[in-house]
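Taking it in order: structure first as structure tokens, then the write-up.
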Amino acid sequence: MRNVVIGLLGTKIDRMRGVGSWQPSIKLCGHDSLPVDRFELLHPGYAEALAHHVARGIAALSPDTEVRLTPLDFDNAWDLEEVYAKLYDFAQAYGFDEDRERYFVHLTTGTHVAQICWYLLTESRYVPARLIQMEPERPGTGPNGRLNVIDLDLAQYDAIQQRFDLASVQHSTLLRGGIGGTDPVIERLIDRLEQIALRSDAPILITGEAGSGRSTLGARVHELRLQRRQLRGKLVRVSGIALATPDGAAMLMGQKRGLGSAAGAERAGLLAQAHRGTLLIEGMEHVPPALRDNLFRAVECGQYRPVGGETDLDIQIRLIATARDGAGLETLFQWILRLPPLRERLTDLEMEFDHALDVAERRLGAKTGFAPGARARYLRFARSAEACWAGNFRDLTQSVLRLCTLADRGRITLPMIEDEIGELTERWRNCEADTTSPARPDDRALLAEILPDPAEIDVFDSVQLAAVVRVCRLSASLSDAGRALFAVSRTQRASRNDADRLRKYLARFGLDWDGVKSRGGPGLPV
């Protein structure tokens, strides 16, 4: 395979100036470790004589090297935009043949701006090459100096890869709030949210039930960006319901003096407060459409006009919002991520329980222990179909705090656990999280986790299948789920193989037990 070097002529460093000059474009071709078959030498028109001089020097040192001289002029060699554009155009027109040739970019020559542009072009693979840096002759380097090849495939550098892996773990830990876990849906959600947070400034909508941790996760995204120095401003929270009031526009956009209910009042507004930071709107579905338009103009165009104002003001802001679901908001948000409710995250329930216990202990300033069997009884109930967790993590946090508060001498007993189970059961008596109920507002989102396209099945089947999936996820086995689903009709059948009946039902939709339980289908909306 032929070796091809691409480089800019060094109008100063490649010029022979007597003792001490070293002409790196020429010396590069004198290394046996990298025989150069072709040198693409880019030069400004005014230095054509020097380019020919360097070509002759290369021919004298390495007769087998073909040198191609290509004129390339910059009006300002220190203008990043111009230099990048012209090198990009050269790369687009070049016609790389990676099957027959290996490419290298010579970084030693050219301005620092050109070196930056070469790096950007090679790192993005517009130029499929490795980088070369030359060092002048020193004792021990030989007459042609030292040649260093830099490969941007970072995966081969163990120390660098370990640092990337460590940073990824730290980001994931931050987004999780320090709570570990193994739930595959949450793993994928956190991984994707990390990528979005660090690579995109487009608005993010986090959907899910109340108490599922939507606002907390949005605040952690802001904190991650702050740590990575992508933001300098603060996090400003506001309720969508508050923005739906007659005062909502002035609250968000600000207000000029003499307008509104308070004569002579003037305020900056939430947008100004969140400048260079994040605006977190809790309950985006409640924000009036007209105010949404003004908000997204500010986010996307970087300008807004206060109520009563005559001129636009500049703004830099990131938007994160929460909603029950994304209905009616799909065209506004580039990123929509669904945060599953607690009852769909039972894999990590014990870790969430321990986190809630730690929070309660720190709040009360005392450690809490469990009597034999008490902790296991609570967790068994928490994972059962009896626990609908209508308030999600809010319910769990309050429940654990009640137990710790009432613990006599810091010990939670089995009777206390039974009392707390009774308390939760009473609170949930009429909750809509009844897993056997056929009517649920989030059926579409649930089925999107396991089906490529939920819209391809009838509404009747959608409602029924969603109810079946919920029962499966709250059951320990296929047989348990079958018994719960067919408790009535099984008494009227000769065969009572509920597991087989459920297996056949799922197969109608191309599903199986493992796929439904793991929530890892191709339509996963995270």
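Residue numbers start at 1 in each chain; chains themselves are named A, B, ... in the order of the structure tokens; ligands are numbered from 1 in the order shown.
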**Report entry** Residues flagged strand (DSSP E or B) by DSSP in range 83-287 of chain A, as number ranges by chain
**Finding:** A: 101-106, 130-135, 146-150, 204-207, 235-239, 255, 267, 277-282
Filtering to C-alpha atoms, could you give me those residues as a CSV table (one decimal), in the first residue's frame?
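The resulting file, result.csv, is reproduced below:
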```
chain,number,residue,atom,x,y,z
A,101,GLU,CA,-3.2,4.3,-0.3
A,102,ARG,CA,-2.5,5.3,3.3
A,103,TYR,CA,-2.7,9.0,4.0
A,104,PHE,CA,-0.8,11.3,6.4
A,105,VAL,CA,-1.2,15.0,7.1
A,106,HIS,CA,2.0,16.9,7.9
A,130,ARG,CA,-3.1,10.1,10.5
A,131,LEU,CA,-1.1,13.1,11.6
A,132,ILE,CA,2.7,13.6,11.3
A,133,GLN,CA,4.8,15.9,13.4
A,134,MET,CA,8.5,16.5,12.7
A,135,GLU,CA,11.2,17.5,15.3
A,146,ARG,CA,12.5,12.7,14.4
A,147,LEU,CA,9.2,11.8,12.8
A,148,ASN,CA,6.1,11.2,15.0
A,149,VAL,CA,2.9,9.6,13.7
A,150,ILE,CA,-0.2,10.5,15.7
A,204,ILE,CA,-35.4,18.5,25.8
A,205,LEU,CA,-38.9,17.2,26.9
A,206,ILE,CA,-38.9,14.6,29.7
A,207,THR,CA,-42.3,12.9,29.9
A,235,LEU,CA,-31.1,26.9,36.7
A,236,VAL,CA,-34.5,28.7,36.8
A,237,ARG,CA,-37.6,26.7,37.5
A,238,VAL,CA,-41.2,27.6,36.8
A,239,SER,CA,-44.6,25.8,36.7
A,255,GLN,CA,-42.3,43.7,31.6
A,267,ARG,CA,-39.3,43.3,36.0
A,277,GLY,CA,-28.3,29.0,31.9
A,278,THR,CA,-31.3,26.7,31.9
A,279,LEU,CA,-35.0,27.3,32.1
A,280,LEU,CA,-36.9,24.3,33.5
A,281,ILE,CA,-40.6,24.3,32.9
A,282,GLU,CA,-42.6,21.8,34.9
```
Query - Separation of CA of Ile457 in chain A from CA of Asp443 in chain A, in Å and rounded to one decimal - result: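 According to the coordinates, CA of Ile457 in chain A and CA of Asp443 in chain A are separated by 12.3 Å.
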Write out, as a Markdown table, each residue of range 283-370 of chain A that has an atom at most 12 Å from range 464-481 of chain A, together with the closest pair of atoms and their distance in Å to one decimal, counting only C-alpha atoms, rows going by chain and rising number.
```
| residue | atom | partner | partner_atom | distance |
| --- | --- | --- | --- | --- |
| A:Pro341 | CA | A:Arg470 | CA | 11.5 |
| A:Leu342 | CA | A:Leu474 | CA | 11.3 |
| A:Arg343 | CA | A:Leu474 | CA | 7.7 |
| A:Glu344 | CA | A:Arg473 | CA | 6.9 |
| A:Arg345 | CA | A:Arg473 | CA | 9.2 |
| A:Leu346 | CA | A:Leu474 | CA | 8.2 |
| A:Thr347 | CA | A:Arg473 | CA | 10.1 |
```
Write to file, as a CSV table (one decimal), in the first residue's frame, the residues of the selection just made, with all heavy atoms.
```csv
chain,number,residue,atom,x,y,z
A,341,PRO,N,-42.4,5.0,35.1
A,341,PRO,CA,-42.9,5.1,36.5
A,341,PRO,C,-42.2,4.1,37.3
A,341,PRO,O,-41.6,3.1,36.8
A,341,PRO,CB,-44.4,4.9,36.4
A,341,PRO,CG,-44.6,4.1,35.2
A,341,PRO,CD,-43.5,4.5,34.2
A,342,LEU,N,-42.3,4.2,38.6
A,342,LEU,CA,-41.6,3.3,39.6
A,342,LEU,C,-42.0,1.9,39.4
A,342,LEU,O,-41.2,1.0,39.5
A,342,LEU,CB,-41.9,3.8,41.0
A,342,LEU,CG,-41.2,2.9,42.1
A,342,LEU,CD1,-39.7,2.8,42.0
A,342,LEU,CD2,-41.6,3.5,43.5
A,343,ARG,N,-43.3,1.7,39.1
A,343,ARG,CA,-43.8,0.3,39.0
A,343,ARG,C,-43.3,-0.4,37.8
A,343,ARG,O,-43.4,-1.7,37.7
A,343,ARG,CB,-45.4,0.3,39.0
A,343,ARG,CG,-45.9,1.0,37.8
A,343,ARG,CD,-47.5,1.0,37.9
A,343,ARG,NE,-48.0,1.9,36.9
A,343,ARG,CZ,-48.2,3.2,37.0
A,343,ARG,NH1,-47.8,3.8,38.1
A,343,ARG,NH2,-48.6,3.9,36.0
A,344,GLU,N,-42.6,0.3,36.9
A,344,GLU,CA,-42.0,-0.3,35.7
A,344,GLU,C,-40.5,-0.4,35.9
A,344,GLU,O,-39.8,-0.8,35.0
A,344,GLU,CB,-42.3,0.4,34.4
A,344,GLU,CG,-43.8,0.4,34.1
A,344,GLU,CD,-44.1,1.1,32.8
A,344,GLU,OE1,-43.1,1.4,32.0
A,344,GLU,OE2,-45.3,1.4,32.5
A,345,ARG,N,-40.0,-0.1,37.1
A,345,ARG,CA,-38.6,-0.1,37.4
A,345,ARG,C,-38.2,-0.9,38.6
A,345,ARG,O,-37.4,-0.6,39.4
A,345,ARG,CB,-38.1,1.4,37.6
A,345,ARG,CG,-38.3,2.2,36.3
A,345,ARG,CD,-38.1,3.7,36.6
A,345,ARG,NE,-36.8,4.1,37.1
A,345,ARG,CZ,-36.5,5.3,37.4
A,345,ARG,NH1,-37.3,6.3,37.2
A,345,ARG,NH2,-35.3,5.5,37.9
A,346,LEU,N,-39.0,-2.0,38.7
A,346,LEU,CA,-38.8,-2.8,40.0
A,346,LEU,C,-37.5,-3.5,40.1
A,346,LEU,O,-37.1,-3.9,41.2
A,346,LEU,CB,-40.0,-3.9,40.0
A,346,LEU,CG,-41.4,-3.3,40.0
A,346,LEU,CD1,-42.4,-4.4,40.1
A,346,LEU,CD2,-41.5,-2.3,41.2
A,347,THR,N,-36.8,-3.6,39.0
A,347,THR,CA,-35.4,-4.2,39.0
A,347,THR,C,-34.5,-3.5,40.0
A,347,THR,O,-33.7,-4.1,40.7
A,347,THR,CB,-34.8,-4.2,37.6
A,347,THR,OG1,-35.6,-4.9,36.7
A,347,THR,CG2,-33.4,-4.9,37.7
```
Query raised in the report: Can you tell me, as a ChimeraX atom specification, what residues are no more than 9 Å from range 304-320 of chain A when counting only C-alpha atoms, ignoring any on the same chain fewer than 5 positions away?
Result: /A:201-206,215,218-219,221-222,231,233,249-250,252-260,268-269,271-272,274-282,294-299
Report task. Could you check how far CA of Gly369 in chain A sits from CA of Ile412 in chain A, in Å to one decimal? Result ->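 According to the coordinates, CA of Gly369 in chain A and CA of Ile412 in chain A are separated by 6.1 Å.
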Requested in this report: Quick one: everything within 12 Å of Thr11 in chain A, counting only C-alpha atoms, minus sequence neighbours fewer than 3 positions away in the same chain. Send it as a PyMOL selection string.
Outcome: chain A and resi 8+14-17+23-25+41-51+53-54+77+108-111
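For the residues A:Leu349, A:Asp354, A:Ile58, A:Gly248, ranking by smallest atom-to-atom distance to Ala290 in chain A using only C-alpha atoms places A:Gly248 first.
Distances to Ala374 in chain A were evaluated for A:Leu174, A:Met416, A:Leu396, A:Val83 using only C-alpha atoms, and the minimum falls at A:Met416.
Across the model, the gap from CA of Ile421 in chain A to CA of Gly373 in chain A is 14.3 Å.
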Report task. Could you give me the residues within range 219-415 of chain A that DSSP places in helix (DSSP H, G or I), as a PyMOL selection string? Result -> chain A and resi 219-227+240-243+248-253+270-273+284-286+289-301+342-344+346-364+374-382+393-406+414-415
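Here the question is which of A:Gly208, A:Gly7, A:Gly30, A:Gly213 gets nearest to Arg68 in chain A using only C-alpha atoms, and that residue is A:Gly7.
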Requested in this report: For Arg338 in chain A, work out the shell of residues within 12 Å, counting only C-alpha atoms and skipping chain neighbours fewer than 5 positions away, then give it as number ranges by chain.
Outcome: A: 185-186, 188-190, 192-193, 204-209, 212-214, 217, 321-326, 344, 442, 444-446, 448-449, 524-526
File dump, residues just selected, N, CA, C and O atoms, as a compact mmCIF listing (two decimals), in the first residue's frame:
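To be explicit, this is the file written out as again_32.txt:
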```txt
# COMPACT_ATOMS: atom_id res chain seq x y z
N VAL A 185 -33.68 -0.35 30.66
CA VAL A 185 -34.35 0.83 30.12
C VAL A 185 -33.71 2.10 30.67
O VAL A 185 -33.43 3.05 29.93
N ILE A 186 -33.46 2.13 31.97
CA ILE A 186 -32.84 3.30 32.58
C ILE A 186 -31.40 3.46 32.10
O ILE A 186 -30.93 4.58 31.88
N ARG A 188 -30.23 2.69 29.15
CA ARG A 188 -30.27 3.28 27.82
C ARG A 188 -30.71 4.75 27.89
O ARG A 188 -30.19 5.60 27.16
N LEU A 189 -31.67 5.05 28.76
CA LEU A 189 -32.13 6.42 28.89
C LEU A 189 -31.00 7.34 29.36
O LEU A 189 -30.78 8.41 28.80
N ILE A 190 -30.27 6.91 30.39
CA ILE A 190 -29.18 7.72 30.93
C ILE A 190 -28.07 7.89 29.89
O ILE A 190 -27.52 8.99 29.71
N ARG A 192 -28.33 7.82 26.63
CA ARG A 192 -28.75 8.72 25.55
C ARG A 192 -28.87 10.15 26.04
O ARG A 192 -28.49 11.09 25.34
N LEU A 193 -29.37 10.33 27.26
CA LEU A 193 -29.50 11.67 27.80
C LEU A 193 -28.14 12.33 27.99
O LEU A 193 -27.99 13.54 27.78
N ILE A 204 -35.23 19.92 25.36
CA ILE A 204 -35.45 18.54 25.80
C ILE A 204 -36.77 18.48 26.55
O ILE A 204 -37.04 19.30 27.43
N LEU A 205 -37.61 17.49 26.21
CA LEU A 205 -38.85 17.24 26.94
C LEU A 205 -38.75 15.88 27.61
O LEU A 205 -38.48 14.87 26.96
N ILE A 206 -38.93 15.85 28.93
CA ILE A 206 -38.91 14.61 29.69
C ILE A 206 -40.35 14.30 30.11
O ILE A 206 -40.95 15.08 30.86
N THR A 207 -40.88 13.21 29.62
CA THR A 207 -42.27 12.86 29.92
C THR A 207 -42.32 11.75 30.97
O THR A 207 -41.34 11.04 31.20
N GLY A 208 -43.47 11.62 31.59
CA GLY A 208 -43.66 10.60 32.61
C GLY A 208 -44.69 11.05 33.63
O GLY A 208 -45.19 12.18 33.60
N GLU A 209 -45.01 10.16 34.54
CA GLU A 209 -46.01 10.46 35.55
C GLU A 209 -45.46 11.38 36.63
O GLU A 209 -44.24 11.47 36.83
N SER A 212 -42.24 10.81 39.16
CA SER A 212 -41.31 9.83 38.59
C SER A 212 -39.88 10.36 38.51
O SER A 212 -38.96 9.62 38.13
N GLY A 213 -39.67 11.62 38.85
CA GLY A 213 -38.32 12.18 38.86
C GLY A 213 -37.97 13.01 37.65
O GLY A 213 -36.79 13.27 37.38
N ARG A 214 -38.97 13.49 36.91
CA ARG A 214 -38.71 14.24 35.68
C ARG A 214 -37.94 15.53 35.95
O ARG A 214 -36.91 15.80 35.32
N LEU A 217 -34.36 14.95 37.17
CA LEU A 217 -33.46 14.57 36.08
C LEU A 217 -33.11 15.77 35.23
O LEU A 217 -31.96 15.93 34.81
N ALA A 321 -38.05 20.80 29.65
CA ALA A 321 -39.44 20.84 30.11
C ALA A 321 -39.89 19.44 30.49
O ALA A 321 -39.31 18.43 30.06
N THR A 322 -40.92 19.37 31.32
CA THR A 322 -41.52 18.09 31.68
C THR A 322 -42.99 18.12 31.31
O THR A 322 -43.61 19.18 31.21
N ALA A 323 -43.55 16.94 31.07
CA ALA A 323 -44.97 16.81 30.75
C ALA A 323 -45.42 15.40 31.04
O ALA A 323 -44.60 14.47 31.13
N ARG A 324 -46.72 15.22 31.22
CA ARG A 324 -47.27 13.88 31.44
C ARG A 324 -46.96 12.99 30.23
O ARG A 324 -46.52 11.86 30.38
N ASP A 325 -47.20 13.51 29.04
CA ASP A 325 -46.81 12.81 27.81
C ASP A 325 -46.48 13.88 26.78
O ASP A 325 -46.57 15.07 27.04
N GLY A 326 -46.09 13.44 25.60
CA GLY A 326 -45.67 14.40 24.58
C GLY A 326 -46.76 14.82 23.63
O GLY A 326 -46.47 15.47 22.62
N GLU A 344 -42.63 0.29 36.88
CA GLU A 344 -41.99 -0.34 35.73
C GLU A 344 -40.48 -0.42 35.91
O GLU A 344 -39.76 -0.79 34.99
N ASP A 442 -51.08 6.19 29.19
CA ASP A 442 -49.75 6.03 28.61
C ASP A 442 -49.59 4.72 27.85
O ASP A 442 -48.49 4.18 27.73
N ARG A 444 -49.78 4.12 24.65
CA ARG A 444 -48.96 4.26 23.44
C ARG A 444 -47.47 4.24 23.77
O ARG A 444 -46.68 3.58 23.11
N ALA A 445 -47.10 4.97 24.81
CA ALA A 445 -45.69 5.01 25.21
C ALA A 445 -45.21 3.65 25.68
O ALA A 445 -44.10 3.22 25.39
N LEU A 446 -46.08 2.93 26.41
CA LEU A 446 -45.72 1.61 26.91
C LEU A 446 -45.49 0.64 25.76
O LEU A 446 -44.51 -0.11 25.73
N ALA A 448 -44.75 1.36 22.74
CA ALA A 448 -43.60 1.78 21.92
C ALA A 448 -42.31 1.15 22.41
O ALA A 448 -41.32 1.08 21.67
N GLU A 449 -42.30 0.67 23.66
CA GLU A 449 -41.10 0.04 24.20
C GLU A 449 -40.89 -1.37 23.65
O GLU A 449 -39.78 -1.89 23.69
N LEU A 524 -38.07 1.24 21.63
CA LEU A 524 -37.78 1.88 22.90
C LEU A 524 -37.56 3.38 22.71
O LEU A 524 -36.67 3.81 22.00
N PRO A 525 -38.38 4.23 23.34
CA PRO A 525 -38.33 5.66 23.07
C PRO A 525 -37.31 6.39 23.91
O PRO A 525 -37.55 7.49 24.36
N VAL A 526 -36.21 5.77 24.21
CA VAL A 526 -35.18 6.46 24.99
C VAL A 526 -33.85 6.39 24.27
O VAL A 526 -32.86 6.76 24.81
```
